[in-house]
$ cat input.cif   # mmCIF, C-alpha atoms
data_query
loop_
_atom_site.group_PDB
_atom_site.id
_atom_site.type_symbol
_atom_site.label_atom_id
_atom_site.label_comp_id
_atom_site.auth_asym_id
_atom_site.auth_seq_id
_atom_site.Cartn_x
_atom_site.Cartn_y
_atom_site.Cartn_z
ATOM 1 C CA MET A 37 -0.377 -20.357 19.034
ATOM 2 C CA TYR A 38 -2.401 -22.934 17.102
ATOM 3 C CA HIS A 39 -3.048 -22.948 13.375
ATOM 4 C CA PRO A 40 -6.590 -21.764 12.528
ATOM 5 C CA CYS A 41 -7.444 -25.239 11.202
ATOM 6 C CA HIS A 42 -7.454 -26.487 14.809
ATOM 7 C CA HIS A 43 -9.738 -23.684 15.971
ATOM 8 C CA ALA A 44 -12.069 -24.445 13.048
ATOM 9 C CA LEU A 45 -12.511 -27.961 14.400
ATOM 10 C CA ALA A 46 -12.817 -27.007 18.074
ATOM 11 C CA THR A 47 -14.787 -23.748 17.870
ATOM 12 C CA PRO A 48 -15.986 -23.292 14.280
ATOM 13 C CA ASP A 49 -18.468 -20.508 15.060
ATOM 14 C CA LYS A 50 -16.102 -18.450 17.196
ATOM 15 C CA PRO A 51 -14.916 -15.210 15.541
ATOM 16 C CA ALA A 52 -11.416 -15.485 14.159
ATOM 17 C CA TYR A 53 -11.442 -11.706 13.701
ATOM 18 C CA ILE A 54 -13.860 -8.792 13.546
ATOM 19 C CA MET A 55 -13.218 -5.785 11.332
ATOM 20 C CA ALA A 56 -13.330 -2.678 13.511
ATOM 21 C CA ARG A 57 -14.718 -0.275 10.927
ATOM 22 C CA SER A 58 -17.367 -2.448 9.261
ATOM 23 C CA GLY A 59 -18.071 -4.944 12.015
ATOM 24 C CA GLU A 60 -17.688 -7.815 9.535
ATOM 25 C CA THR A 61 -17.010 -11.022 11.432
ATOM 26 C CA VAL A 62 -15.110 -13.981 9.992
ATOM 27 C CA THR A 63 -15.457 -17.199 11.980
ATOM 28 C CA TYR A 64 -12.803 -19.863 12.207
ATOM 29 C CA ARG A 65 -14.895 -22.137 9.996
ATOM 30 C CA GLN A 66 -15.192 -19.413 7.354
ATOM 31 C CA LEU A 67 -11.466 -18.737 7.566
ATOM 32 C CA GLU A 68 -10.730 -22.446 7.158
ATOM 33 C CA ASP A 69 -13.156 -22.943 4.273
ATOM 34 C CA ARG A 70 -12.093 -19.836 2.384
ATOM 35 C CA SER A 71 -8.391 -20.530 2.824
ATOM 36 C CA ASN A 72 -8.964 -24.056 1.496
ATOM 37 C CA GLN A 73 -10.826 -22.606 -1.484
ATOM 38 C CA GLY A 74 -7.980 -20.168 -2.060
ATOM 39 C CA ALA A 75 -5.472 -23.017 -1.942
ATOM 40 C CA HIS A 76 -7.454 -24.927 -4.576
ATOM 41 C CA LEU A 77 -7.550 -21.774 -6.703
ATOM 42 C CA PHE A 78 -3.783 -21.375 -6.454
ATOM 43 C CA ARG A 79 -3.282 -24.970 -7.562
ATOM 44 C CA SER A 80 -5.746 -24.535 -10.450
ATOM 45 C CA LEU A 81 -3.593 -21.640 -11.639
ATOM 46 C CA GLY A 82 -0.493 -23.848 -11.633
ATOM 47 C CA LEU A 83 1.088 -22.350 -8.530
ATOM 48 C CA LYS A 84 3.270 -24.847 -6.695
ATOM 49 C CA ARG A 85 5.374 -25.018 -3.545
ATOM 50 C CA GLY A 86 7.991 -22.270 -3.474
ATOM 51 C CA ASP A 87 6.179 -19.966 -5.917
ATOM 52 C CA SER A 88 5.477 -16.368 -4.916
ATOM 53 C CA ILE A 89 2.392 -14.189 -4.810
ATOM 54 C CA ALA A 90 1.954 -10.563 -3.754
ATOM 55 C CA LEU A 91 -0.817 -8.605 -2.098
ATOM 56 C CA MET A 92 -1.455 -4.867 -2.186
ATOM 57 C CA MET A 93 -4.481 -4.423 0.013
ATOM 58 C CA ASP A 94 -6.111 -2.018 2.389
ATOM 59 C CA ASN A 95 -7.297 -3.227 5.786
ATOM 60 C CA ASN A 96 -10.028 -5.727 4.901
ATOM 61 C CA ALA A 97 -11.374 -9.130 5.840
ATOM 62 C CA ARG A 98 -9.994 -11.013 2.839
ATOM 63 C CA TYR A 99 -6.369 -10.506 3.894
ATOM 64 C CA TYR A 100 -6.030 -13.382 6.365
ATOM 65 C CA GLU A 101 -8.036 -15.731 4.170
ATOM 66 C CA ILE A 102 -5.547 -15.194 1.362
ATOM 67 C CA CYS A 103 -2.484 -15.407 3.609
ATOM 68 C CA PHE A 104 -3.613 -18.724 5.086
ATOM 69 C CA ALA A 105 -4.496 -20.016 1.607
ATOM 70 C CA ALA A 106 -0.927 -19.244 0.537
ATOM 71 C CA GLN A 107 0.540 -20.614 3.770
ATOM 72 C CA ARG A 108 -1.177 -23.992 3.369
ATOM 73 C CA SER A 109 -0.137 -24.114 -0.304
ATOM 74 C CA GLY A 110 3.579 -23.802 0.358
ATOM 75 C CA LEU A 111 3.747 -20.375 -1.252
ATOM 76 C CA LEU A 112 5.769 -17.302 -0.394
ATOM 77 C CA TYR A 113 3.455 -14.332 0.060
ATOM 78 C CA THR A 114 4.548 -10.707 0.083
ATOM 79 C CA ALA A 115 2.322 -7.992 1.498
ATOM 80 C CA MET A 116 3.079 -4.629 -0.122
ATOM 81 C CA SER A 117 2.130 -1.292 1.357
ATOM 82 C CA SER A 118 -0.942 0.313 -0.185
ATOM 83 C CA ARG A 119 1.025 3.580 -0.205
ATOM 84 C CA LEU A 120 3.725 2.412 -2.616
ATOM 85 C CA SER A 121 4.137 4.201 -5.925
ATOM 86 C CA THR A 122 3.673 2.169 -9.106
ATOM 87 C CA GLN A 123 7.429 2.111 -9.625
ATOM 88 C CA GLU A 124 8.076 0.871 -6.075
ATOM 89 C CA ALA A 125 5.423 -1.843 -6.405
ATOM 90 C CA GLU A 126 6.836 -2.898 -9.781
ATOM 91 C CA TYR A 127 10.251 -3.371 -8.215
ATOM 92 C CA ILE A 128 8.944 -5.570 -5.371
ATOM 93 C CA LEU A 129 6.779 -7.644 -7.721
ATOM 94 C CA ASP A 130 9.817 -8.293 -9.890
ATOM 95 C CA ASP A 131 12.195 -8.890 -6.991
ATOM 96 C CA CYS A 132 9.975 -11.406 -5.176
ATOM 97 C CA GLY A 133 9.057 -13.121 -8.449
ATOM 98 C CA ALA A 134 5.311 -12.863 -7.865
ATOM 99 C CA LYS A 135 3.263 -14.924 -10.299
ATOM 100 C CA LEU A 136 -0.044 -13.613 -8.956
ATOM 101 C CA LEU A 137 -1.125 -10.203 -7.656
ATOM 102 C CA ILE A 138 -4.158 -9.464 -5.477
ATOM 103 C CA VAL A 139 -5.232 -5.853 -4.868
ATOM 104 C CA SER A 140 -8.069 -4.104 -3.081
ATOM 105 C CA SER A 141 -10.626 -2.447 -5.335
ATOM 106 C CA SER A 142 -10.101 0.776 -3.363
ATOM 107 C CA LEU A 143 -6.568 0.981 -4.807
ATOM 108 C CA GLU A 144 -7.802 1.633 -8.327
ATOM 109 C CA ALA A 145 -5.014 4.017 -9.350
ATOM 110 C CA GLN A 146 -2.207 1.715 -8.196
ATOM 111 C CA ALA A 147 -3.887 -1.312 -9.773
ATOM 112 C CA ALA A 148 -4.303 0.494 -13.104
ATOM 113 C CA GLY A 149 -0.665 1.575 -13.028
ATOM 114 C CA LEU A 150 0.503 -2.016 -12.651
ATOM 115 C CA LEU A 151 -1.428 -3.366 -15.644
ATOM 116 C CA GLY A 152 0.930 -4.386 -18.413
ATOM 117 C CA LYS A 153 3.904 -4.396 -16.037
ATOM 118 C CA ASN A 154 5.791 -7.361 -14.544
ATOM 119 C CA PRO A 155 5.214 -10.004 -17.242
ATOM 120 C CA GLN A 156 5.885 -12.834 -14.761
ATOM 121 C CA VAL A 157 2.582 -11.951 -13.055
ATOM 122 C CA HIS A 158 0.213 -14.366 -14.824
ATOM 123 C CA ALA A 159 -2.949 -13.718 -12.810
ATOM 124 C CA ARG A 160 -4.442 -10.581 -11.233
ATOM 125 C CA TYR A 161 -7.360 -10.415 -8.812
ATOM 126 C CA SER A 162 -9.209 -7.692 -6.940
ATOM 127 C CA VAL A 163 -11.057 -8.030 -3.640
ATOM 128 C CA ASN A 164 -14.167 -6.162 -2.462
ATOM 129 C CA GLY A 165 -15.145 -4.986 -5.929
ATOM 130 C CA ALA A 166 -14.331 -5.035 -9.614
ATOM 131 C CA LEU A 167 -11.315 -3.448 -11.293
ATOM 132 C CA PRO A 168 -10.517 -3.321 -15.033
ATOM 133 C CA GLY A 169 -7.965 -6.005 -15.895
ATOM 134 C CA TYR A 170 -8.458 -7.861 -12.612
ATOM 135 C CA ALA A 171 -10.686 -10.878 -11.978
ATOM 136 C CA SER A 172 -12.854 -11.071 -8.862
ATOM 137 C CA TRP A 173 -11.037 -12.956 -6.097
ATOM 138 C CA GLU A 174 -14.277 -13.807 -4.322
ATOM 139 C CA SER A 175 -15.947 -15.212 -7.442
ATOM 140 C CA ALA A 176 -12.927 -17.313 -8.370
ATOM 141 C CA ARG A 177 -12.492 -18.510 -4.779
ATOM 142 C CA ASP A 178 -16.159 -19.425 -4.332
ATOM 143 C CA ALA A 179 -16.015 -21.744 -7.356
ATOM 144 C CA GLN A 180 -13.516 -23.956 -5.526
ATOM 145 C CA PRO A 181 -14.161 -26.759 -2.994
ATOM 146 C CA VAL A 182 -13.755 -26.213 0.759
ATOM 147 C CA THR A 183 -11.793 -29.453 1.214
ATOM 148 C CA ARG A 184 -8.088 -29.321 1.956
ATOM 149 C CA ILE A 185 -5.697 -29.674 -0.979
ATOM 150 C CA ALA A 186 -3.901 -33.033 -1.160
ATOM 151 C CA ASP A 187 -0.381 -31.582 -1.156
ATOM 152 C CA GLU A 188 -0.455 -29.112 1.717
ATOM 153 C CA SER A 189 2.906 -27.806 2.885
ATOM 154 C CA ALA A 190 3.950 -24.857 4.971
ATOM 155 C CA GLY A 191 4.539 -21.625 3.094
ATOM 156 C CA ARG A 192 5.524 -18.343 4.681
ATOM 157 C CA ASP A 193 5.559 -14.597 4.349
ATOM 158 C CA MET A 194 8.347 -12.773 2.554
ATOM 159 C CA LEU A 195 9.009 -9.456 4.226
ATOM 160 C CA TYR A 196 10.646 -6.364 2.761
ATOM 161 C CA SER A 197 12.582 -3.594 4.440
ATOM 162 C CA SER A 198 11.316 -0.031 4.136
ATOM 163 C CA GLY A 199 14.031 0.855 1.636
ATOM 164 C CA THR A 200 15.134 3.991 3.506
ATOM 165 C CA THR A 201 18.751 3.338 2.516
ATOM 166 C CA GLY A 202 18.019 2.411 -1.086
ATOM 167 C CA ARG A 203 15.863 -0.276 -2.643
ATOM 168 C CA PRO A 204 13.709 -2.374 -0.275
ATOM 169 C CA LYS A 205 15.448 -5.603 0.671
ATOM 170 C CA GLY A 206 13.497 -8.854 0.613
ATOM 171 C CA VAL A 207 13.977 -11.333 3.445
ATOM 172 C CA LYS A 208 13.575 -14.735 1.829
ATOM 173 C CA THR A 209 13.925 -17.700 4.148
ATOM 174 C CA GLU A 210 14.059 -21.338 3.176
ATOM 175 C CA LEU A 211 10.795 -23.247 3.182
ATOM 176 C CA LEU A 212 10.995 -26.102 5.647
ATOM 177 C CA ASP A 213 9.559 -29.508 4.872
ATOM 178 C CA GLU A 214 6.940 -29.424 7.611
ATOM 179 C CA ALA A 215 3.207 -29.556 8.201
ATOM 180 C CA ILE A 216 1.151 -26.369 7.893
ATOM 181 C CA ASP A 217 0.469 -26.408 11.643
ATOM 182 C CA ALA A 218 4.051 -26.993 12.767
ATOM 183 C CA VAL A 219 4.944 -24.814 15.753
ATOM 184 C CA SER A 220 7.905 -22.521 15.121
ATOM 185 C CA ARG A 221 10.848 -22.508 17.527
ATOM 186 C CA LEU A 222 10.035 -18.943 18.556
ATOM 187 C CA MET A 223 6.440 -19.882 19.343
ATOM 188 C CA ALA A 224 7.543 -22.976 21.274
ATOM 189 C CA ILE A 225 9.884 -20.856 23.403
ATOM 190 C CA SER A 226 7.209 -18.194 23.951
ATOM 191 C CA THR A 227 4.667 -20.850 24.922
ATOM 192 C CA LYS A 228 7.009 -22.229 27.570
ATOM 193 C CA LEU A 229 8.182 -18.850 28.876
ATOM 194 C CA TYR A 230 4.775 -17.189 29.095
ATOM 195 C CA GLY A 231 2.547 -20.182 29.703
ATOM 196 C CA LEU A 232 0.481 -19.633 26.563
ATOM 197 C CA GLU A 233 -2.414 -22.002 26.236
ATOM 198 C CA ARG A 234 -5.213 -22.669 23.766
ATOM 199 C CA SER A 235 -7.933 -19.991 24.123
#

$ encode --input "input.cif" --output "structure tokens"
Amino acid sequence: MYHPCHHALATPDKPAYIMARSGETVTYRQLEDRSNQGAHLFRSLGLKRGDSIALMMDNNARYYEICFAAQRSGLLYTAMSSRLSTQEAEYILDDCGAKLLIVSSSLEAQAAGLLGKNPQVHARYSVNGALPGYASWESARDAQPVTRIADESAGRDMLYSSGTTGRPKGVKTELLDEAIDAVSRLMAISTKLYGLERS
């Protein structure tokens, strides 16, 4: 219900999430700090409100950090399935206009296949390990400050259909001029209907 930045202030050491397989725990403070660092990195790369990035990642702890970094930077972020072929991924990268791509190091074959493709992608990063042609997300992120960027604005995810009836269709909605912690209408209705409270 509440943006993680509020939880980071109220309960900084509480786990935001725990990875089932590895047991890695990310606290709300870590999530806040790392998403701020990611936002600074995006700005250092020239990404501005309304720009797009894409992620092709397995299930790992960096995912939410990156999504919240994009969300607080006013970016559109597209999560692509790790099972896409190179051709399918190329299409989505082109269609969403991604200027940056982040992949998991475990997806070495897909990452290699995308090198040299999609010229609008100006920066490529890998998480959880090195990949040829991709910079380390963690190293680049850790070089940035944990303070909030000065021009925060609410970004959002850009979803794609499965493409069972042809090419995947992107669902691009307008970015609203609102704070990063603004409560959506759907969440406001759900809160009232189901009595959701801060936990």

$ resolve_selection --input "input.cif" --expression "the PyMOL selection byres ((chain A and resi 156) around 9)" --output "number ranges by chain"
A: 129-130, 133-136, 153-155, 157-158

$ resolve_selection --input "input.cif" --expression "the PyMOL selection byres ((chain A and resi 51) around 7)" --output "list in words"
Asp49, Lys50, Ala52, Tyr53, Ile54, Thr61, Val62, Thr63 and Tyr64 of chain A

$ residues_around --input "input.cif" --residues "Tyr99 of chain A" --least-positions-apart "4" --cutoff "12 Å" --atoms "all atoms listed in the file" --output "PyMOL selection string"
chain A and resi 53+55+62+67+70-71+74+90-95+103-106+113-116+138-140+162-164+173-174

$ closest_residue --input "input.cif" --among "A:Asp131, A:Asp87, A:Glu68, A:Asp187" --to "Leu211 of chain A" --atoms "only C-alpha atoms"
A:Asp87

$ closest_residue --input "input.cif" --among "A:Ser80, A:Gln146, A:Ser109, A:Asn96" --to "Ala179 of chain A" --atoms "all atoms listed in the file"
A:Ser80

$ residues_around --input "input.cif" --residues "Thr183 of chain A" --least-positions-apart "3" --cutoff "8 Å" --atoms "all atoms listed in the file" --output "VMD selection string"
chain A and resid 69 72 to 73

$ atom_distance --input "input.cif" --atom1 "atom CA of Thr47 of chain A" --atom2 "atom CA of Asp193 of chain A"
26.1 Å

$ atom_distance --input "input.cif" --atom1 "atom CA of Leu143 of chain A" --atom2 "atom CA of Met194 of chain A"
21.6 Å

$ atom_distance --input "input.cif" --atom1 "atom CA of Leu151 of chain A" --atom2 "atom CA of Leu167 of chain A"
10.8 Å

$ closest_residue --input "input.cif" --among "A:Arg57, A:Gly206, A:Arg65, A:Ala159" --to "Pro40 of chain A" --atoms "all atoms listed in the file"
A:Arg65

$ axis_aligned_box --input "input.cif" --around "segment 147-165 of chain A" --padding-each-side "4 Å" --output "JSON"
{"center_x": -4.6, "center_y": -6.4, "center_z": -10.4, "size_x": 29.0, "size_y": 23.9, "size_z": 24.0}

$ residues_around --input "input.cif" --residues "Arg85 of chain A" --least-positions-apart "2" --cutoff "9 Å" --atoms "all atoms listed in the file" --output "PyMOL selection string"
chain A and resi 83+87-88+109-112+188-191+211

$ resolve_selection --input "input.cif" --expression "the PyMOL selection byres ((chain A and resi 205) around 12)" --output "list of chain:residue names"
A:Glu124, A:Tyr127, A:Ile128, A:Asp131, A:Cys132, A:Met194, A:Leu195, A:Tyr196, A:Ser197, A:Ser198, A:Gly199, A:Thr200, A:Thr201, A:Gly202, A:Arg203, A:Pro204, A:Gly206, A:Val207, A:Lys208

$ residues_near_point --input "input.cif" --point "(-8.4, -7.9, -10.4)" --cutoff "6 Å" --atoms "only C-alpha atoms" --output "list in words"
Arg160, Tyr161, Ser162, Leu167, Gly169, Tyr170, Ala171 and Ser172 of chain A
